[in-house]
file final08.txt (compact mmCIF, C-alpha atoms and all ligand atoms)
# COMPACT_ATOMS: atom_id res chain seq x y z
CA MET I 917 -13.34 -15.18 -20.21
CA ILE I 918 -15.99 -13.00 -18.55
CA CYS I 919 -16.32 -9.72 -20.38
CA ILE I 920 -17.86 -6.55 -19.09
CA LYS I 921 -19.57 -4.11 -21.45
CA VAL I 922 -18.19 -0.62 -21.04
CA GLY I 923 -19.60 2.50 -22.63
CA LEU I 924 -17.03 5.04 -23.81
CA VAL I 925 -18.65 8.47 -24.12
CA GLN I 926 -17.14 11.43 -25.98
CA PHE I 927 -19.12 14.60 -25.33
CA ARG I 928 -19.03 18.37 -25.84
CA PRO I 929 -21.10 20.28 -23.26
CA GLU I 930 -22.34 23.83 -23.78
CA LEU I 931 -20.56 26.07 -21.30
CA PHE I 932 -22.52 26.41 -18.02
CA GLN I 933 -25.72 24.79 -19.43
CA VAL I 934 -25.75 21.93 -16.94
CA LYS I 935 -29.40 20.87 -17.30
CA ARG I 936 -29.35 20.96 -21.08
CA ASN I 937 -26.07 19.05 -21.16
CA VAL I 938 -27.33 16.39 -18.78
CA GLU I 939 -30.44 15.90 -20.95
CA ARG I 940 -28.34 15.56 -24.12
CA ALA I 941 -25.96 13.14 -22.41
CA LEU I 942 -28.85 10.99 -21.24
CA GLN I 943 -30.26 10.86 -24.76
CA LEU I 944 -26.87 9.73 -26.00
CA ILE I 945 -26.78 6.65 -23.77
CA GLU I 946 -30.44 5.97 -23.18
CA ASN I 947 -30.78 2.93 -25.45
CA LYS I 948 -27.29 1.61 -24.88
CA LYS I 949 -26.64 -1.38 -22.67
CA ALA I 950 -23.42 -1.33 -20.67
CA ARG I 951 -22.34 -2.14 -17.12
CA LEU I 952 -20.16 0.97 -16.95
CA PHE I 953 -20.41 4.32 -18.73
CA VAL I 954 -17.47 6.72 -18.60
CA PHE I 955 -17.93 10.43 -19.43
CA PRO I 956 -15.31 13.23 -19.74
CA GLU I 957 -13.90 15.56 -17.10
CA LEU I 958 -16.31 18.37 -16.05
CA SER I 959 -18.83 16.62 -18.28
CA PHE I 960 -21.83 18.90 -17.99
CA THR I 961 -20.42 22.28 -16.90
CA GLY I 962 -17.75 23.02 -19.48
CA TYR I 963 -14.16 23.83 -18.61
CA THR I 964 -13.20 27.40 -19.56
CA PHE I 965 -13.76 29.34 -16.34
CA LYS I 966 -12.84 32.99 -15.92
CA THR I 967 -13.94 33.56 -12.33
CA LYS I 968 -14.56 31.62 -9.15
CA LYS I 969 -18.15 32.85 -9.26
CA GLU I 970 -18.65 30.94 -12.52
CA VAL I 971 -17.19 27.87 -10.86
CA GLU I 972 -19.51 28.23 -7.87
CA GLU I 973 -22.61 28.65 -10.04
CA VAL I 974 -22.19 25.24 -11.66
CA SER I 975 -20.83 23.46 -8.59
CA GLU I 976 -22.56 20.52 -6.95
CA ILE I 977 -22.69 19.23 -3.42
CA VAL I 978 -22.38 15.49 -2.99
CA SER I 979 -24.80 14.17 -0.41
CA ASP I 980 -27.53 11.64 0.23
CA LYS I 981 -30.02 14.41 0.96
CA ASN I 982 -32.13 16.74 -1.20
CA ASP I 983 -29.32 19.29 -1.54
CA CYS I 984 -27.34 16.89 -3.73
CA GLY I 985 -26.32 18.38 -7.09
CA TYR I 986 -28.48 18.06 -10.21
CA SER I 987 -26.28 15.88 -12.41
CA ILE I 988 -25.55 13.54 -9.52
CA GLN I 989 -29.26 13.11 -8.74
CA VAL I 990 -30.15 12.48 -12.38
CA PHE I 991 -27.38 9.96 -12.98
CA ARG I 992 -28.04 8.22 -9.68
CA ASP I 993 -31.62 7.64 -10.86
CA PHE I 994 -30.32 6.51 -14.26
CA ALA I 995 -27.80 4.08 -12.73
CA MET I 996 -30.39 2.52 -10.41
CA LYS I 997 -33.13 2.29 -13.05
CA ASN I 998 -30.81 0.74 -15.62
CA GLN I 999 -28.74 -1.29 -13.17
CA THR I 1000 -25.53 0.21 -14.45
CA ASN I 1001 -22.56 2.18 -13.13
CA VAL I 1002 -21.59 5.66 -14.28
CA VAL I 1003 -18.44 7.80 -13.99
CA PHE I 1004 -18.41 11.50 -14.85
CA GLY I 1005 -16.52 14.66 -14.00
CA PHE I 1006 -18.16 17.58 -12.17
CA VAL I 1007 -17.38 20.67 -10.10
CA GLU I 1008 -17.61 19.66 -6.47
CA LYS I 1009 -18.38 22.16 -3.73
CA ASP I 1010 -17.32 21.32 -0.21
CA GLY I 1011 -17.88 24.24 2.16
CA GLU I 1012 -16.02 27.17 0.59
CA LYS I 1013 -13.79 24.90 -1.47
CA PHE I 1014 -14.13 23.64 -5.02
CA TYR I 1015 -12.66 20.49 -6.50
CA ASN I 1016 -12.33 19.21 -10.05
CA SER I 1017 -13.88 15.84 -9.19
CA SER I 1018 -15.10 12.66 -10.75
CA ILE I 1019 -17.83 10.48 -9.30
CA LEU I 1020 -18.50 6.77 -9.56
CA ILE I 1021 -22.22 6.14 -9.10
CA LYS I 1022 -23.04 2.48 -8.68
CA HIS I 1023 -26.11 0.54 -9.77
CA ASP I 1024 -27.40 0.50 -6.19
CA GLY I 1025 -27.06 4.27 -5.79
CA ARG I 1026 -23.90 4.19 -3.70
CA TYR I 1027 -21.16 6.53 -4.87
CA LYS I 1028 -17.55 7.49 -4.38
CA VAL I 1029 -15.73 10.70 -5.34
CA TYR I 1030 -12.20 11.19 -6.63
CA ARG I 1031 -10.75 14.74 -6.51
CA LYS I 1032 -8.19 15.55 -9.23
CA MET I 1033 -4.74 15.32 -7.71
CA HIS I 1034 -2.76 17.04 -10.47
CA LEU I 1035 -4.36 20.32 -11.47
CA PHE I 1036 -3.50 21.66 -14.93
CA TYR I 1037 -2.61 25.29 -15.72
CA GLU I 1038 -5.32 27.79 -14.62
CA GLU I 1039 -7.32 25.11 -12.84
CA LYS I 1040 -4.99 26.07 -10.00
CA LEU I 1041 -6.79 29.44 -9.79
CA PHE I 1042 -10.17 27.86 -9.15
CA PHE I 1043 -9.78 24.43 -7.61
CA GLU I 1044 -8.11 22.93 -4.57
CA PRO I 1045 -5.67 20.10 -5.25
CA GLY I 1046 -7.39 16.77 -4.67
CA ASN I 1047 -7.14 15.21 -1.24
CA THR I 1048 -8.94 11.89 -1.74
CA GLY I 1049 -5.82 10.06 -2.88
CA PHE I 1050 -6.11 7.35 -5.52
CA TRP I 1051 -8.65 4.73 -4.50
CA VAL I 1052 -9.93 1.53 -6.06
CA ASP I 1053 -13.49 0.24 -5.75
CA GLU I 1054 -15.31 -2.79 -7.08
CA ILE I 1055 -18.08 -2.96 -9.68
CA GLU I 1056 -19.37 -6.23 -11.10
CA GLY I 1057 -16.48 -8.00 -9.34
CA VAL I 1058 -13.97 -5.81 -11.20
CA LYS I 1059 -11.54 -3.41 -9.52
CA LEU I 1060 -11.99 0.10 -10.87
CA GLY I 1061 -9.92 3.23 -10.25
CA LEU I 1062 -10.61 6.82 -11.28
CA ALA I 1063 -8.23 9.45 -12.65
CA ILE I 1064 -8.76 12.84 -14.25
CA CYS I 1065 -7.01 14.20 -17.32
CA PHE I 1066 -3.55 15.65 -16.43
CA ASP I 1067 -3.05 12.84 -13.90
CA TRP I 1068 -1.86 10.83 -16.91
CA ILE I 1069 1.44 12.72 -17.21
CA PHE I 1070 2.49 11.52 -13.75
CA PRO I 1071 3.18 7.78 -14.14
CA GLU I 1072 2.76 7.45 -10.38
CA SER I 1073 -0.99 8.05 -10.72
CA PHE I 1074 -1.82 5.00 -12.80
CA ARG I 1075 0.94 2.95 -11.15
CA THR I 1076 -0.58 3.63 -7.74
CA LEU I 1077 -4.01 2.59 -8.97
CA ALA I 1078 -2.57 -0.54 -10.58
CA LEU I 1079 -0.67 -1.46 -7.40
CA LYS I 1080 -3.92 -1.05 -5.49
CA GLY I 1081 -5.42 -3.64 -7.81
CA ALA I 1082 -7.21 -1.55 -10.45
CA GLN I 1083 -7.98 -3.61 -13.55
CA ILE I 1084 -9.70 -0.72 -15.29
CA ILE I 1085 -9.04 3.00 -14.92
CA ALA I 1086 -11.88 5.34 -15.80
CA HIS I 1087 -9.90 8.35 -17.05
CA SER I 1088 -12.20 11.33 -17.60
CA THR I 1089 -10.48 14.03 -19.63
CA ASN I 1090 -10.64 17.49 -21.21
CA LEU I 1091 -7.36 17.06 -23.08
CA VAL I 1092 -5.82 20.10 -24.75
CA MET I 1093 -2.32 18.73 -25.45
CA PRO I 1094 -1.78 16.08 -28.14
CA TYR I 1095 0.25 13.51 -26.18
CA CYS I 1096 -2.05 11.57 -23.88
CA GLN I 1097 -3.72 9.24 -26.36
CA GLU I 1098 -0.36 7.82 -27.47
CA ALA I 1099 1.14 7.88 -23.97
CA ASN I 1100 -1.75 5.93 -22.49
CA LYS I 1101 -0.83 2.92 -24.64
CA ILE I 1102 2.34 2.73 -22.55
CA ARG I 1103 0.52 3.49 -19.30
CA SER I 1104 -1.69 0.50 -20.08
CA LEU I 1105 1.23 -1.71 -21.08
CA GLU I 1106 3.52 -0.85 -18.16
CA ASN I 1107 0.72 -1.56 -15.67
CA ARG I 1108 -1.12 -4.25 -17.64
CA ILE I 1109 -4.46 -2.53 -17.21
CA PHE I 1110 -7.34 -1.17 -19.27
CA ILE I 1111 -7.57 2.62 -19.48
CA ILE I 1112 -10.83 4.20 -20.62
CA THR I 1113 -10.01 7.75 -21.70
CA ALA I 1114 -13.32 9.59 -22.20
CA ASN I 1115 -12.43 12.96 -23.69
CA ARG I 1116 -14.33 16.03 -24.81
CA TRP I 1117 -13.99 17.63 -28.20
CA GLY I 1118 -14.36 20.95 -30.03
CA GLU I 1119 -13.67 24.52 -29.03
CA GLU I 1120 -14.91 26.41 -26.01
CA LYS I 1121 -14.82 30.21 -25.69
CA ASN I 1122 -15.45 32.35 -22.65
CA GLY I 1123 -14.68 35.99 -23.51
CA GLN I 1124 -11.05 36.10 -24.61
CA LYS I 1125 -10.34 32.63 -23.27
CA ILE I 1126 -10.45 29.70 -25.63
CA ASN I 1127 -9.71 26.00 -25.26
CA LYS I 1128 -9.49 23.41 -28.01
CA PHE I 1129 -10.07 19.82 -26.97
CA THR I 1130 -8.63 16.87 -28.81
CA GLY I 1131 -11.42 14.25 -28.92
CA MET I 1132 -9.99 10.84 -29.88
CA SER I 1133 -11.44 9.16 -26.80
CA GLN I 1134 -10.13 5.64 -26.55
CA ILE I 1135 -9.73 2.41 -24.64
CA THR I 1136 -6.29 0.83 -24.32
CA ASN I 1137 -5.74 -2.75 -23.17
CA PRO I 1138 -3.05 -4.46 -21.04
CA GLN I 1139 -1.11 -5.28 -24.22
CA GLY I 1140 -0.78 -1.56 -24.94
CA GLU I 1141 -3.18 -1.73 -27.87
CA VAL I 1142 -5.88 0.78 -28.72
CA ILE I 1143 -9.05 -1.30 -28.92
CA VAL I 1144 -11.27 1.62 -29.83
CA ARG I 1145 -10.44 5.21 -30.73
CA PHE I 1146 -12.97 7.88 -31.75
CA PRO I 1147 -12.41 10.62 -34.32
CA LYS I 1148 -11.39 14.13 -33.19
CA ARG I 1149 -14.91 15.48 -33.36
CA GLY I 1150 -18.40 14.37 -32.41
CA ASP I 1151 -20.62 13.33 -29.51
CA LEU I 1152 -20.11 9.57 -29.67
CA VAL I 1153 -20.78 6.43 -27.65
CA GLU I 1154 -19.49 2.95 -28.22
CA ILE I 1155 -20.10 -0.13 -26.14
CA VAL I 1156 -17.00 -2.31 -25.95
CA ASP I 1157 -16.47 -5.75 -24.42
CA VAL I 1158 -13.41 -5.89 -22.20
CA ASP I 1159 -12.12 -8.91 -20.29
CA PRO I 1160 -10.81 -7.51 -16.97
CA SER I 1161 -9.13 -10.84 -16.10
CA GLU I 1162 -6.46 -9.88 -18.68
CA ALA I 1163 -5.41 -7.14 -16.26
CA LEU I 1164 -4.66 -9.65 -13.50
CA LYS I 1165 -1.66 -11.11 -15.36
CA LYS I 1166 1.41 -9.11 -14.41
CA SER I 1167 3.91 -11.75 -15.46
CA ILE I 1168 5.89 -11.01 -18.64
CA ASN I 1169 7.68 -14.39 -18.91
CA ASP I 1170 8.85 -17.18 -16.59
CA TYR I 1171 11.41 -14.85 -15.02
CA ASN I 1172 9.80 -11.42 -15.00
CA ASP I 1173 6.84 -9.98 -13.19
CA LEU I 1174 5.90 -6.37 -13.65
CA PHE I 1175 5.23 -5.72 -9.99
CA GLU I 1176 7.47 -8.22 -8.19
CA ASP I 1177 10.57 -7.15 -10.13
CA ARG I 1178 10.30 -3.52 -9.10
CA ARG I 1179 13.41 -2.29 -7.21
CA VAL I 1180 11.59 -0.02 -4.82
CA ASP I 1181 14.66 0.48 -2.61
CA PHE I 1182 16.34 2.29 -5.48
CA TYR I 1183 13.48 4.48 -6.64
CA CYS I 1184 13.08 8.10 -5.54
CA CYS I 1185 9.92 9.07 -3.71
C1 LIG G 1201 -6.46 18.84 -18.26
O1 LIG G 1201 -5.96 18.31 -17.27
N1 LIG G 1201 -7.74 19.09 -18.35
C2 LIG G 1201 -5.62 19.19 -19.41
call {"tool": "encode", "arguments": {"input": "final08.txt", "output": "structure tokens"}}
result
Amino acid sequence: MICIKVGLVQFRPELFQVKRNVERALQLIENKKARLFVFPELSFTGYTFKTKKEVEEVSEIVSDKNDCGYSIQVFRDFAMKNQTNVVFGFVEKDGEKFYNSSILIKHDGRYKVYRKMHLFYEEKLFFEPGNTGFWVDEIEGVKLGLAICFDWIFPESFRTLALKGAQIIAHSTNLVMPYCQEANKIRSLENRIFIITANRWGEEKNGQKINKFTGMSQITNPQGEVIVRFPKRGDLVEIVDVDPSEALKKSINDYNDLFEDRRVDFYCC
């Protein structure tokens, strides 16, 4: 059994205060030792947008050059200095387009971006639907996939990642409905994978608009068990040992295998 230490981070940013939020987030994890930290969706910008201008003002370009966004630069430095890997959600700007994205920054400074495929509610007013597809990358010899919040309600999202070999899914969320935490036990069980659901908490107001986030960040294992779940409120971090080799076993008994037994000819696309 070779475990990997993963850091589950529950966080409430102040709306549009990116620098302050990044500083607070760094303080939260600065003395913690993990090989992977997972933060919520739109971790340092907040979520409750009223206009595209607000979206643009907190957006970040992803690049290797000096024009790279602030949170990406800071966490790239953090990942390299601490030889760790970090996943967090951010507003990505690409030309005139904006994406609700999540980035994996690796310990050597390399990175990869996932753009949210399933936009929720008024996100459709501000963001383009993701076009990166679901990809899987490797950290510490472990296959990792990324997903963002509402992706959970489409079983195809996590199934696709699992079929591509993901052992762990870093699921960054700003959950407002109460179902995901319970549903992800089944998503973990039906795919035999770990799901790290890093959620935000508390209320966020922007004029008349208000969102209430559910907290209860959690990690579920391939047996469908919750191995850690946070309370509804509070900026919290916990380092948890997970054994990713558990996610390689897709066999249920001598006769059944979760992936080989699928009847793909009979499923709808
Ligand atoms: C959500 O997808 N942020 C609910």
call {"tool": "closest_residue", "arguments": {"input": "final08.txt", "among": "I:Gly1025, I:Ile977, I:Tyr1183, I:Gln1124", "to": "Met996 of chain I", "atoms": "only C-alpha atoms"}}
result
I:Gly1025
call {"tool": "closest_residue", "arguments": {"input": "final08.txt", "among": "I:Arg1178, I:Lys997, I:His1087, I:Lys1009", "to": "ligand LIG 1201 (chain G)", "atoms": "all atoms listed in the file"}}
result
I:His1087
call {"tool": "closest_residue", "arguments": {"input": "final08.txt", "among": "I:Val925, I:Ala1063, I:Leu931, I:Cys1184", "to": "ligand LIG 1201 (chain G)", "atoms": "all atoms listed in the file"}}
result
I:Ala1063
call {"tool": "residues_near_ligand", "arguments": {"input": "final08.txt", "ligand": "ligand LIG 1201 (chain G)", "cutoff": "12 Å", "atoms": "only C-alpha atoms and all ligand atoms", "output": "number ranges by chain"}}
result
I: 956-959, 962-964, 1005, 1016-1017, 1032-1040, 1063-1070, 1087-1096, 1114-1117, 1127-1130
call {"tool": "write_last_selection", "arguments": {"input": "final08.txt", "atoms": "C-alpha atoms", "output": "tab-separated table (two decimals), keeping the file's coordinate frame"}}
result
chain	number	residue	atom	x	y	z
I	956	PRO	CA	-15.31	13.23	-19.74
I	957	GLU	CA	-13.90	15.56	-17.10
I	958	LEU	CA	-16.31	18.37	-16.05
I	959	SER	CA	-18.83	16.62	-18.28
I	962	GLY	CA	-17.75	23.02	-19.48
I	963	TYR	CA	-14.16	23.83	-18.61
I	964	THR	CA	-13.20	27.40	-19.56
I	1005	GLY	CA	-16.52	14.66	-14.00
I	1016	ASN	CA	-12.33	19.21	-10.05
I	1017	SER	CA	-13.88	15.84	-9.19
I	1032	LYS	CA	-8.19	15.55	-9.23
I	1033	MET	CA	-4.74	15.32	-7.71
I	1034	HIS	CA	-2.76	17.04	-10.47
I	1035	LEU	CA	-4.36	20.32	-11.47
I	1036	PHE	CA	-3.50	21.66	-14.93
I	1037	TYR	CA	-2.61	25.29	-15.72
I	1038	GLU	CA	-5.32	27.79	-14.62
I	1039	GLU	CA	-7.32	25.11	-12.84
I	1040	LYS	CA	-4.99	26.07	-10.00
I	1063	ALA	CA	-8.23	9.45	-12.65
I	1064	ILE	CA	-8.76	12.84	-14.25
I	1065	CYS	CA	-7.01	14.20	-17.32
I	1066	PHE	CA	-3.55	15.65	-16.43
I	1067	ASP	CA	-3.05	12.84	-13.90
I	1068	TRP	CA	-1.86	10.83	-16.91
I	1069	ILE	CA	1.44	12.72	-17.21
I	1070	PHE	CA	2.49	11.52	-13.75
I	1087	HIS	CA	-9.90	8.35	-17.05
I	1088	SER	CA	-12.20	11.33	-17.60
I	1089	THR	CA	-10.48	14.03	-19.63
I	1090	ASN	CA	-10.64	17.49	-21.21
I	1091	LEU	CA	-7.36	17.06	-23.08
I	1092	VAL	CA	-5.82	20.10	-24.75
I	1093	MET	CA	-2.32	18.73	-25.45
I	1094	PRO	CA	-1.78	16.08	-28.14
I	1095	TYR	CA	0.25	13.51	-26.18
I	1096	CYS	CA	-2.05	11.57	-23.88
I	1114	ALA	CA	-13.32	9.59	-22.20
I	1115	ASN	CA	-12.43	12.96	-23.69
I	1116	ARG	CA	-14.33	16.03	-24.81
I	1117	TRP	CA	-13.99	17.63	-28.20
I	1127	ASN	CA	-9.71	26.00	-25.26
I	1128	LYS	CA	-9.49	23.41	-28.01
I	1129	PHE	CA	-10.07	19.82	-26.97
I	1130	THR	CA	-8.63	16.87	-28.81
call {"tool": "closest_residue", "arguments": {"input": "final08.txt", "among": "I:Glu973, I:Glu1106, I:Glu946, I:Asp983", "to": "Ile1168 of chain I", "atoms": "only C-alpha atoms"}}
result
I:Glu1106
